[in-house]
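Here's the structure, in structure tokens; my notes come after.
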There are 4 protein chains.
Amino acid sequence: MFDLVIKNGTIITTEATYQADVGIQGGNLFALGRDLSGHREIDATAKLVTPGAIDVHVHLQMPIGDNVSADDFFSGTRAAALGGTTTIIDFVEPEPEQTLLQALAARRAEADGRVVIDYGLHMTIGPTEMDKLDQVPAAAGAGCATFKLYMAYGLRLDDGQLLQVLETVRDAGGLPIVHAENWDVICNLIARNLAVGRTEPRWHPRSRPAPMEGEAAGRVIDLATLAGTPLYIFHVSCGDVVERIATAQRRGLPVYGETCPQYLFLTDALYERPGVEGALPVCAPPLRTEADQIQLWAALAQDKLQVVSTDHCPFTQADKAKGLGDFSRIPGGVPSIEARFPLVYAYGVRTGRFSLNRWVDICCTTPARLFGLTHKGTIAVGYDADLVVFDPERQVRLSPQTLHENVDWTPYDGLEVTGWPQVTLSRGELIAENGQFQGQAGRGRFVARRLK
Amino acid sequence: MFDLVIKNGTIITTEATYQADVGIQGGNLFALGRDLSGHREIDATAKLVTPGAIDVHVHLQMPIGDNVSADDFFSGTRAAALGGTTTIIDFVEPEPEQTLLQALAARRAEADGRVVIDYGLHMTIGPTEMDKLDQVPAAAGAGCATFKLYMAYGLRLDDGQLLQVLETVRDAGGLPIVHAENWDVICNLIARNLAVGRTEPRWHPRSRPAPMEGEAAGRVIDLATLAGTPLYIFHVSCGDVVERIATAQRRGLPVYGETCPQYLFLTDALYERPGVEGALPVCAPPLRTEADQIQLWAALAQDKLQVVSTDHCPFTQADKAKGLGDFSRIPGGVPSIEARFPLVYAYGVRTGRFSLNRWVDICCTTPARLFGLTHKGTIAVGYDADLVVFDPERQVRLSPQTLHENVDWTPYDGLEVTGWPQVTLSRGELIAENGQFQGQAGRGRFVARRLK
Amino acid sequence: MFDLVIKNGTIITTEATYQADVGIQGGNLFALGRDLSGHREIDATAKLVTPGAIDVHVHLQMPIGDNVSADDFFSGTRAAALGGTTTIIDFVEPEPEQTLLQALAARRAEADGRVVIDYGLHMTIGPTEMDKLDQVPAAAGAGCATFKLYMAYGLRLDDGQLLQVLETVRDAGGLPIVHAENWDVICNLIARNLAVGRTEPRWHPRSRPAPMEGEAAGRVIDLATLAGTPLYIFHVSCGDVVERIATAQRRGLPVYGETCPQYLFLTDALYERPGVEGALPVCAPPLRTEADQIQLWAALAQDKLQVVSTDHCPFTQADKAKGLGDFSRIPGGVPSIEARFPLVYAYGVRTGRFSLNRWVDICCTTPARLFGLTHKGTIAVGYDADLVVFDPERQVRLSPQTLHENVDWTPYDGLEVTGWPQVTLSRGELIAENGQFQGQAGRGRFVARRLK
Amino acid sequence: MFDLVIKNGTIITTEATYQADVGIQGGNLFALGRDLSGHREIDATAKLVTPGAIDVHVHLQMPIGDNVSADDFFSGTRAAALGGTTTIIDFVEPEPEQTLLQALAARRAEADGRVVIDYGLHMTIGPTEMDKLDQVPAAAGAGCATFKLYMAYGLRLDDGQLLQVLETVRDAGGLPIVHAENWDVICNLIARNLAVGRTEPRWHPRSRPAPMEGEAAGRVIDLATLAGTPLYIFHVSCGDVVERIATAQRRGLPVYGETCPQYLFLTDALYERPGVEGALPVCAPPLRTEADQIQLWAALAQDKLQVVSTDHCPFTQADKAKGLGDFSRIPGGVPSIEARFPLVYAYGVRTGRFSLNRWVDICCTTPARLFGLTHKGTIAVGYDADLVVFDPERQVRLSPQTLHENVDWTPYDGLEVTGWPQVTLSRGELIAENGQFQGQAGRGRFVARRLK
């Protein structure tokens with residue numbers, strides 16, 4: 001007699017699809033079998049049972065310039081849970097005067113009372129951290145073995161710093177994760193565009209050309225190859241980057257890439273819209289073309305890209321409007337923390353682009369494996385009972401009303417999605433059911449991640 | 001209370017490594033969990049529990065010219081079982097006057113009373129089958145959805161026939177599997193070599209150059225691309241073929257390749273040995289260089305090759321000696337049906353070339369997936385209880401004495417292997433334990449395979 | 001005081017464009033300079049002076065089945081001369097009972113009394129020549145150092161024969177030139193098409209798919225690489241072959257390719273025309289798509305293809321009509337011996353695809369260099385005075401009336417061409433002027449070609 | 001009766017090798033022919049007659065930090081002339097306060113009274129020139145249509161500036177030429193090496209890794225592709241850069257590369273020598289490995305690299321020694337202005353790596369074509385009579401004594417060279433003969449170069 005049993009569902013893992021009951025005890029997946037009994041039972045007949053989805057790239061209550069991303073650790077993780085995501089990884093950005101561990105403690109303090117699901121934190125290494133590189137092993141030891149490196153923005157590392165940090169992370173057994181764009185080119189193009197009065201959002205993509213994202217990705221791959229380290233490239237938006245990653249992989253290099261829903265579902269045509277409408281989808285890298293979308297979907301099917309995350313970083317319409325007179329001042333970021341897992345199902349699996357198993361691989365298993373979430377990401381005995389009972393036929397029309405993100409718009413407004421979580425379990429606790437949130441702020445835990 | 005429980009082992013699947021007990025009932029894997037109890041229990045403490053290994057390429061009691069391969073369906077499957085292999089796939093070669101289904105029935109009649117593990121059969125389509133192409137759907141429907149096509153030997157299809165058969169197999173939802181060598185070149189080189197008195201085994205590899213295996217693989221990939229069909233290439237022996245397959249995969253084509261232990265462990269230096277020693281390792285494609293070995297191991301690690309099978313086709317020293325005066329008359333084939341699974345563990349995993357999970361993927365899970373063994377190849381509820389309790393520290397020195405293949409030599413004589421099956425289960429029955437065979441002839445079943 | 005001086009022209013070579021007079025004496029180019037005087041002078045003010053064009057691929061009075069190509073050595077070379085071509089290379093096809101030298105003598109006997117320009121001959125090595133391979137050095141020594149090998153038709157060599165011939169030609173210091181198509185596939189497709197009543201010309205291209213021309217080109221490149229010989233590929237029709245050649249070249253292999261006007265100017269849409277109209281442009285490889293045309297033009301500009309020849313092989317409308325009930329019986333071949341040089345100028349240079357110098361390279365210099373025409377192909381002291389005074393502004397509308405080929409149609413009927421020869425000189429003799437033929441049958445000479 | 005005739009020589013151009021006399025009148029090549037007569041005649045029997053060599057990359061009397069390169073415009077061009085080089089291209093480096101044209105005038109003032117052969121000047125665009133981009137068309141119009149851009153050193157442009165300059169040069173019809181190394185990485189490595197006391201010359205190559213030269217070359221190719229401009233890459237030292245250039249060329253991009261004798265003849269083993277010996281060959285990029293040498297020679301043969309120039313920039317042993325305590329302060333540069341043309345002959349042609357014609361192409365014709373020296377670089381009527389009578393059998397042992405560069409060492413000391421100029425003519429004037437300089441300072445002229 002287990003605490004909880006999910007009965008009669010179809011289990012989906014990366015390697016198998018089969019019927020079994022799931023027995024849960026004390027937060028763990030305790031048994032997979034037939035005819036299991038529990039104090040509580042959830043009927044999953046005609047439903048899929050998947051691992052809880054993992055979103056390795058979110059920005060909750062993140063300050064950018066004068067703005068702060070609209071979802072805090074509570075509202076953001078609540079939305080995540082309602083969409084079937086049971087673990088997120090957010091970021092630590094140390095202040096100049098902080099040690100890495102102080103910064104980690106401070107960020108955990110912001111999250112711990114609010115999160116409703118488990119979370120990890122990437123450690124950001126910016127220019128001011130060049131003096132703290134001896135602390136990198138300690139950060140890895142504290143469960144932050146994945147290090148975010150920027151090739152753009154104020155946090156940008158130049159190529160020399162980048163090489164040095166890649167070597168340092170390699171020595172600490174960590175994984176570097178990179179925002180790859182060519183910042184010098186972007187700054188030059190922004191300045192030249194603004195100088196001739198090109199201030200509208202449509203100049204945002206024109207200031208960040210896809211070939212220069214490709215260039216930056218190629219460059220950091222070259223640097224990682226020289227350093228002899230694995231590498232993970234964030235938010236791949238275009239075929240040019242896919243090509244660079246695939247070439248590296250074919251040479252046997254451990255290079256990985258993710259894309260995000262905005263690049264799979266939206267195009268740069270949106271920036272041509274008048275007024276704040278054109279400003280809302282500003283993010284970096286920017287949205288690209290339909291041809292890029294096709295290449296991104298194919299790359300997921302062919303394992304040239306390994307993960308779909310969100311880069312969830314919502315700003316309100318009011319915040320976005322602040323940059324209407326200067327596209328470079330529009331706070332960058334879009335929301336998708338809630339709908340990612342169903343979106344990839346609806347438009348990846350149901351369209352025939354890839355299998356149910358690949359869907360789980362992309363959204364759950366590979367994120368867990370690459371980022372050291374050692375007891376999450378699949379359905380196996382002894383793993384955390386982070387599970388989703390997924391209704392493959394439930395239809396949802398996306399809108400700010402149907403979604404629970406703390407932001408007054410969504411780029412997917414009006415999009416029909418077939419397939420949505422019926423139940424979300426986090427360590428055996430039912431935290432969302434039939435679109436109703438059932439969890440509590442602060443029940444989530446920080447996960448100290450370990451890479452092999 | 002299950003029929004049988006494997007207790008305290010470490011489960012290895014392609015995606016996870018975890019502690020669990022395995023409950024078996026009526027031949028099926030019934031439960032994975034903690035503290036399971038069974039009428040019989042096997043202690044797997046400090047052991048690995050893996051899916052039964054699958055060997056998709058064996059030739060048992062196969063006539064070649066005047067000889068018959070030395071292992072019949074009993075001795076061959078017994079050896080397989082002792083090495084942890086629980087399913088093999090052998091071949092149907094129709095006689096000219098037989099329908100495909102008649103030929104299937106006849107081959108099953110040879111196997112059914114003898115096999116000690118489950119087996120499938122590939123259907124061979126040779127030139128005399130060009131008039132039977134309308135029977136291909138029936139063969140697929142009878143569980144032989146994988147079709148063996150030869151680009152060499154008397155069964156060779158010319159490129160026009162090959163294209164037509166690829167289209168036919170595609171329409172039947174089948175998978176073509178191909179022996180790729182350039183037969184015209186081989187015949188020409190054999191004739192020219194023999195004409196000048198080059199009769200020794202060392203002229204065997206010199207008559208079948210690696211670039212011409214590469215050429216043939218490239219050619220059939222071109223044909224499959226034109227036909228729009230997936231493709232599986234047998235016994236890849238050299239880096240040249242790896243390169244062709246990897247290029248196709250990078251273009252998104254569903255092309256798969258296997259290699260075999262002989263190509264991973266042996267080199268063409270063996271053909272230089274005097275007398276029958278040089279004749280024993282004659283097989284086709286021939287053994288290649290150390291450089292090729294390195295590329296094959298790397299290709300397995302990088303998923304450019306997907307499977308290790310054996311092409312097990314043993315001939316006695318006496319049979320081999322018949323060709324001493326003419327290398328082209330040496331019956332081709334080497335044994336490895338017993339040691340494959342431990343060999344890949346010992347020299348793939350323990351050397352650090354790839355993970356335990358990749359080992360299981362290469363030897364169990366991917367073979368099952370590609371070849372339609374829908375309830376085999378992984379450890380999951382409802383699957384056949386084909387399982388191996390694998391002792392990772394057991395040491396075996398390979399020799400005709402320690403192996404159970406029905407042949408008086410082994411190319412691996414003297415090779416030390418660390419890691420060997422302790423127990424092999426087939427559909428829940430213990431058929432081998434501590435090197436002792438416990439099964440019965442004829443207990444194995446024909447598996448009607450279904451491709452998705 | 002020279003015999004003849006071309007005054008005030010603009011000399012075009014592959015490497016320079018400059019003003020100079022050309023002094024000719026005794027058939028040779030004797031001087032380049034200023035203010036030269038001659039017994040006869042040709043004013044080339046505002047004209048280009050180019051080397052005589054060289055067409056390395058023509059079939060004059062060639063029997064194919066029951067038909068003979070419509071131009072004999074007189075009418076064909078007369079048309080060539082009128083279009084600025086001063087050297088052709090045709091073929092020897094030995095009869096089974098002939099030695100190579102006997103066949104050469106016989107073919108020379110057909111040509112010698114008729115040719116009005118110099119000519120060379122390729123030696124064809126078909127299956128019946130496999131017994132004559134010891135004669136290959138003699139043929140090379142007699143000036144036929146370039147050997148035509150077929151991968152299609154009755155003259156087809158299988159891959160083993162092909163390898164053996166490539167090695168033989170390599171040892172004789174010769175150059176193999178290849179018709180690359182996959183004959184087995186073509187035969188299979190023709191048979192399958194005819195079997196279901198697909199007899200019209202539109203089934204001609206559908207029976208010879210471009211990817212199978214690519215396959216064959218890739219295959220012979222693989223064979224040549226194994227043999228270690230240079231290779232020249234005839235009549236490249238499609239981007240797929242360009243890609244294979246370019247890949248080989250990038251690896252440093254001495255692989256060369258030509259295309260022909262029909263592939264640069266015509267598309268397979270012509271085969272859709274009703275009646276004999278659809279049959280006229282039947283040739284092999286067949287005409288391809290506009291996308292292929294774009295790739296061919298680019299390949300010429302980028303030196304992925306080295307030469308434009310014609311494969312001139314005209315058949316009358318009546319001959320073509322014989323195959324209307326069975327596309328596979330339409331005699332294959334189209335005319336373009338006369339217009340090639342101006343066509344490449346008009347649509348290669350005037351459109352900006354490449355320079356005047358590249359035009360001369362493609363049509364004159366590289367053909368001479370690759371095929372051992374050691375005193376032809378450029379404008380230099382001591383070279384044969386094979387020269388064209390080319391009027392870059394002369395306009396000609398192509399039609400059977402304006403052309404002098406002995407055939408009652410042209411695939412370029414109605415095409416406007418700007419730029420045409422004003423004067424053609426062969427070894428210092430004026431053989432064509434202002435569209436009037438001035439030469440005599442039999443004045444041309446066989447050129448014994450020497451490769452370095 | 002010409003002013004001067006070179007009699008009985010063998011003319012070598014890129015496309016032909018032939019016997020002819022060369023008639024020279026008023027500085028121009030006036031005639032090529034037989035039996036020409038001159039007031040003066042040079043017997044070239046058994047000699048080669050080539051175009052004067054062109055060195056598009058030299059640094060004469062160039063200030064670097066506290067040092068000035070040891071050859072001034074007189075000594076440098078004298079040495080050049082003695083080695084068969086008749087045109088050099090040096091550099092203008094504008095001072096911040098100078099306009100481009102002022103800087104050009106100032107540099108010409110340094111050169112004009114000293115040069116003994118003709119010369120051109122590249123215009124350097126550094127960071128301080130970003131405000132002068134509107135002057136780029138004027139510089140191009142003044143004959144400096146080739147613009148030197150640095151990705152390293154104080155003159156380094158960041159990627160944004162680089163893109164903007166590439167666009168500007170494109171619009172002016174100019175050719176950008178680039179020093180490609182990753183400066184940020186180099187600075188980081190130098191700092192890290194010096195910080196731990198690695199001060200010896202052997203740390204020079206270890207601070208400038210070949211893959212980072214490859215990276216930089218790839219990056220500027222990406223930028224040039226985005227800008228839509230041709231590109232010329234200076235001093236390619238390694239196979240990694242060759243690969244990037246060849247890939248771009250295969251895609252049809254107009255990307256060109258040069259290498260220099262130091263990379264063809266020397267390796268980084270030299271930096272291991274003790275004392276000043278290890279410092280002497282310091283240059284940037286640094287010397288590489290033998291494997292790189294092999295790739296560079298092959299790239300020249302296969303036209304993946306187009307030019308051999310020198311990057312001649314000699315410093316005395318005393319100057320070099322100033323950096324013995326800090327490798328980063330060793331003035332970078334090596335001499336080779338005199339021996340380049342014979343070196344490429346002796347080790348390129350005589351070893352069979354490529355033909356006489358390719359030698360002339362690499363050292364004379366292509367440099368002239370790419371850099372707009374419209375009447376130089378080949379042997380044709382109307383061209384400048386810049387010619388070399390080259391004795392293919394003359395043997396010279398290189399040393400500071402046999403060479404005439406104004407520097408007390410040579411990296412080629414002791415190297416035997418077979419083949420050396422007998423006579424060098426510049427615009428018809430004999431300026432060097434049998435190792436004796438015969439010209440006068442200031443006779444050379446600035447060449448206003450025009451790109452097509």
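We name chains A, B, ... following the order of the structure tokens; residues begin at 1 in each chain, and ligands are numbered from 1 as shown.
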
Return the neighbours of chain A among the residues of chain D, cut-off 12 Å, counting only C-alpha atoms, as a short mmCIF file (atom, residue, chain, number, x, y, z; two decimals) with N, CA, C and O atoms, in the first residue's frame.
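Wrote iface.cif, looks like this:
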```
data_model
loop_
_atom_site.label_atom_id
_atom_site.label_comp_id
_atom_site.auth_asym_id
_atom_site.auth_seq_id
_atom_site.Cartn_x
_atom_site.Cartn_y
_atom_site.Cartn_z
N MET D 130 38.29 55.49 -37.86
CA MET D 130 36.84 55.31 -37.92
C MET D 130 36.14 56.63 -38.20
O MET D 130 35.04 56.64 -38.76
N LEU D 157 40.83 46.65 -34.90
CA LEU D 157 39.43 47.05 -34.97
C LEU D 157 38.60 45.99 -34.25
O LEU D 157 38.85 44.79 -34.42
N ASP D 158 37.64 46.44 -33.48
CA ASP D 158 36.74 45.42 -32.93
C ASP D 158 35.79 44.95 -34.04
O ASP D 158 35.77 45.51 -35.15
N ASP D 159 35.02 43.91 -33.77
CA ASP D 159 34.23 43.30 -34.84
C ASP D 159 33.21 44.26 -35.42
O ASP D 159 32.89 44.19 -36.62
N GLY D 160 32.69 45.15 -34.60
CA GLY D 160 31.72 46.11 -35.10
C GLY D 160 32.39 47.10 -36.05
O GLY D 160 31.87 47.41 -37.13
N GLN D 161 33.54 47.57 -35.64
CA GLN D 161 34.30 48.47 -36.53
C GLN D 161 34.70 47.74 -37.81
O GLN D 161 34.62 48.30 -38.91
N LEU D 162 35.10 46.51 -37.63
CA LEU D 162 35.52 45.72 -38.78
C LEU D 162 34.39 45.61 -39.80
O LEU D 162 34.59 45.84 -41.00
N LEU D 163 33.20 45.30 -39.33
CA LEU D 163 32.06 45.19 -40.24
C LEU D 163 31.83 46.51 -40.95
O LEU D 163 31.63 46.55 -42.17
N GLN D 164 31.88 47.59 -40.19
CA GLN D 164 31.62 48.89 -40.78
C GLN D 164 32.68 49.26 -41.82
O GLN D 164 32.36 49.78 -42.90
N VAL D 165 33.92 48.93 -41.53
CA VAL D 165 34.99 49.23 -42.49
C VAL D 165 34.86 48.33 -43.72
O VAL D 165 35.05 48.77 -44.86
N GLU D 167 32.18 47.23 -45.01
CA GLU D 167 31.11 47.80 -45.84
C GLU D 167 31.59 49.04 -46.58
O GLU D 167 31.27 49.26 -47.74
N GLU D 181 44.21 37.43 -36.16
CA GLU D 181 44.50 36.67 -34.95
C GLU D 181 43.51 37.14 -33.89
O GLU D 181 42.99 38.24 -33.98
N ASN D 182 43.30 36.29 -32.88
CA ASN D 182 42.36 36.66 -31.82
C ASN D 182 43.13 37.40 -30.73
O ASN D 182 43.80 36.78 -29.90
N TRP D 183 43.01 38.71 -30.76
CA TRP D 183 43.85 39.54 -29.90
C TRP D 183 43.51 39.39 -28.43
O TRP D 183 44.39 39.40 -27.57
N ASP D 184 42.24 39.30 -28.11
CA ASP D 184 41.87 39.15 -26.70
C ASP D 184 42.48 37.89 -26.11
O ASP D 184 42.98 37.88 -24.99
N VAL D 185 42.41 36.82 -26.87
CA VAL D 185 42.99 35.57 -26.38
C VAL D 185 44.50 35.71 -26.23
O VAL D 185 45.09 35.30 -25.22
N ILE D 186 45.13 36.32 -27.22
CA ILE D 186 46.59 36.48 -27.15
C ILE D 186 46.99 37.31 -25.93
O ILE D 186 47.89 36.94 -25.18
N CYS D 187 46.30 38.41 -25.71
CA CYS D 187 46.63 39.26 -24.57
C CYS D 187 46.46 38.50 -23.27
O CYS D 187 47.27 38.60 -22.35
N ASN D 188 45.39 37.74 -23.19
CA ASN D 188 45.13 36.96 -21.99
C ASN D 188 46.24 35.94 -21.75
O ASN D 188 46.74 35.78 -20.63
N LEU D 189 46.63 35.26 -22.82
CA LEU D 189 47.65 34.23 -22.66
C LEU D 189 49.02 34.83 -22.36
O LEU D 189 49.77 34.31 -21.53
N ILE D 190 49.33 35.93 -23.02
CA ILE D 190 50.60 36.59 -22.72
C ILE D 190 50.64 36.99 -21.24
O ILE D 190 51.60 36.72 -20.52
N ALA D 191 49.57 37.61 -20.79
CA ALA D 191 49.54 38.08 -19.41
C ALA D 191 49.66 36.90 -18.44
O ALA D 191 50.40 36.96 -17.45
N ARG D 192 48.94 35.84 -18.73
CA ARG D 192 49.01 34.69 -17.84
C ARG D 192 50.39 34.05 -17.87
O ARG D 192 50.90 33.63 -16.83
N SER D 207 51.48 31.50 -26.85
CA SER D 207 50.52 32.57 -26.55
C SER D 207 49.68 32.94 -27.77
O SER D 207 48.79 33.79 -27.67
N ARG D 208 49.97 32.35 -28.90
CA ARG D 208 49.23 32.69 -30.12
C ARG D 208 48.86 31.39 -30.83
O ARG D 208 49.38 31.06 -31.89
N PRO D 209 47.94 30.63 -30.25
CA PRO D 209 47.68 29.28 -30.78
C PRO D 209 47.08 29.31 -32.19
O PRO D 209 46.26 30.17 -32.52
N ALA D 210 47.49 28.34 -32.98
CA ALA D 210 46.99 28.23 -34.35
C ALA D 210 45.46 28.20 -34.42
O ALA D 210 44.87 28.85 -35.29
N PRO D 211 44.78 27.48 -33.55
CA PRO D 211 43.31 27.48 -33.66
C PRO D 211 42.69 28.87 -33.48
O PRO D 211 41.59 29.11 -33.97
N MET D 212 43.39 29.75 -32.79
CA MET D 212 42.84 31.09 -32.63
C MET D 212 43.16 31.96 -33.85
O MET D 212 42.48 32.96 -34.08
N GLU D 213 44.17 31.63 -34.60
CA GLU D 213 44.34 32.27 -35.91
C GLU D 213 43.23 31.77 -36.83
O GLU D 213 42.62 32.54 -37.57
N GLY D 214 42.93 30.48 -36.73
CA GLY D 214 41.82 29.92 -37.51
C GLY D 214 40.51 30.59 -37.14
O GLY D 214 39.71 30.97 -38.00
N GLU D 215 40.29 30.75 -35.86
CA GLU D 215 39.05 31.38 -35.39
C GLU D 215 38.93 32.78 -35.98
O GLU D 215 37.88 33.16 -36.50
N ALA D 216 40.00 33.55 -35.88
CA ALA D 216 39.94 34.94 -36.36
C ALA D 216 39.70 34.99 -37.87
O ALA D 216 38.92 35.81 -38.36
N ALA D 217 40.35 34.09 -38.60
CA ALA D 217 40.13 34.04 -40.05
C ALA D 217 38.67 33.69 -40.33
O ALA D 217 38.02 34.32 -41.18
N GLY D 218 38.15 32.71 -39.61
CA GLY D 218 36.74 32.34 -39.80
C GLY D 218 35.82 33.51 -39.48
O GLY D 218 34.83 33.75 -40.18
N ARG D 219 36.17 34.24 -38.44
CA ARG D 219 35.32 35.37 -38.03
C ARG D 219 35.29 36.46 -39.08
O ARG D 219 34.23 36.96 -39.45
N VAL D 220 36.44 36.81 -39.60
CA VAL D 220 36.44 37.90 -40.59
C VAL D 220 35.83 37.42 -41.90
O VAL D 220 35.22 38.22 -42.63
N ILE D 221 35.92 36.14 -42.19
CA ILE D 221 35.19 35.61 -43.35
C ILE D 221 33.69 35.75 -43.12
O ILE D 221 32.94 36.15 -44.02
N ASP D 222 33.23 35.44 -41.91
CA ASP D 222 31.81 35.63 -41.60
C ASP D 222 31.40 37.09 -41.77
O ASP D 222 30.33 37.39 -42.31
N LEU D 223 32.24 37.98 -41.28
CA LEU D 223 31.93 39.41 -41.39
C LEU D 223 31.92 39.85 -42.85
O LEU D 223 31.04 40.61 -43.28
N ALA D 224 32.89 39.38 -43.62
CA ALA D 224 32.96 39.76 -45.04
C ALA D 224 31.77 39.19 -45.80
O ALA D 224 31.25 39.83 -46.73
N THR D 225 31.35 38.00 -45.42
CA THR D 225 30.19 37.40 -46.07
C THR D 225 28.95 38.23 -45.78
O THR D 225 28.13 38.50 -46.67
N LEU D 226 28.81 38.65 -44.53
CA LEU D 226 27.67 39.51 -44.17
C LEU D 226 27.74 40.82 -44.95
O LEU D 226 26.72 41.32 -45.44
N ALA D 227 28.92 41.38 -45.06
CA ALA D 227 29.07 42.65 -45.76
C ALA D 227 28.97 42.49 -47.27
O ALA D 227 28.67 43.44 -47.98
N ASP D 240 44.76 25.30 -40.18
CA ASP D 240 43.44 25.68 -39.69
C ASP D 240 42.88 26.84 -40.51
O ASP D 240 41.69 26.86 -40.87
N ARG D 244 39.58 27.10 -43.35
CA ARG D 244 38.50 28.11 -43.34
C ARG D 244 38.41 28.81 -44.70
O ARG D 244 37.32 29.07 -45.20
#
```

Task: Polymer residues at most 6 Å from B:His57, only C-alpha atoms, same-chain spacing of 3 or more positions, as a list in words - done: Ile89, Ser309, Thr310 and Asp311 of chain B

Store the residues picked out above in a file with all heavy atoms, as a compact mmCIF listing (two decimals), in the first residue's frame.
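Heads up, here's the output in again_25.txt:
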```txt
# COMPACT_ATOMS: atom_id res chain seq x y z
N ILE B 89 18.65 -12.58 -34.43
CA ILE B 89 17.92 -12.55 -35.70
C ILE B 89 18.82 -13.20 -36.75
O ILE B 89 19.96 -12.78 -36.96
CB ILE B 89 17.50 -11.14 -36.13
CG1 ILE B 89 16.81 -10.41 -34.97
CG2 ILE B 89 16.56 -11.23 -37.33
CD1 ILE B 89 16.29 -9.01 -35.32
N SER B 309 26.59 -5.94 -33.54
CA SER B 309 26.08 -7.30 -33.71
C SER B 309 27.30 -8.20 -33.94
O SER B 309 28.43 -7.75 -33.78
CB SER B 309 25.14 -7.38 -34.90
OG SER B 309 25.91 -7.28 -36.10
N THR B 310 27.07 -9.46 -34.33
CA THR B 310 28.24 -10.34 -34.48
C THR B 310 28.53 -10.79 -35.91
O THR B 310 29.68 -11.03 -36.25
CB THR B 310 28.08 -11.63 -33.65
OG1 THR B 310 26.98 -12.38 -34.16
CG2 THR B 310 27.92 -11.32 -32.19
N ASP B 311 27.53 -10.92 -36.74
CA ASP B 311 27.73 -11.64 -38.01
C ASP B 311 28.34 -13.02 -37.73
O ASP B 311 29.14 -13.53 -38.52
CB ASP B 311 28.60 -10.83 -38.97
CG ASP B 311 28.53 -11.36 -40.40
OD1 ASP B 311 27.68 -12.22 -40.69
OD2 ASP B 311 29.34 -10.91 -41.23
```

Open item on the list: Based on the backbone DSSP call, show me all residues of stretch 168-344 of chain C assigned helix (DSSP H, G or I), as a PyMOL selection string.
Closed with: chain C and resi 168-171+183-195+203-206+210-227+239-250+261-265+268-272+276-279+290-301+317-321+327-329+340-344

Open item on the list: as number ranges by chain, please: every residue in stretch 45-258 of chain C that DSSP puts in strand (DSSP E or B).
Closed with: C: 48-51, 53-55, 58, 63-64, 67-68, 85-92, 118-124, 146-150, 156, 175-179, 231-233, 255-258

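If you look at atom CA of B:Asp303 and atom CA of B:Pro285, they are 21.3 Å away from each other.
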
- [ ] Compile the contact shell of D:Leu82 as an MDAnalysis selection string: residues with an atom at most 8 Å away, counting only C-alpha atoms, same-chain residues fewer than 3 positions apart removed.
- [x] chainID D and resid 78:79 85 338 404 421 424 432:433 435:437

- [ ] May I have the residues within 10 Å of stretch 18-24 of chain C as a PyMOL selection string, using only C-alpha atoms and disregarding those fewer than 3 positions away in the same chain?
- [x] (chain C and resi 1-13+27-38+40-45+48-49+379-385+387+427-429) or (chain D and resi 30-33+375+380-383)

Open item on the list: I'd like the contact shell of stretch 407-418 of chain A - 7 Å cut-off, only C-alpha atoms, skipping same-chain residues fewer than 6 positions apart - returned as a PyMOL selection string.
Closed with: chain A and resi 70+281+314-317+335+343+346+392-400
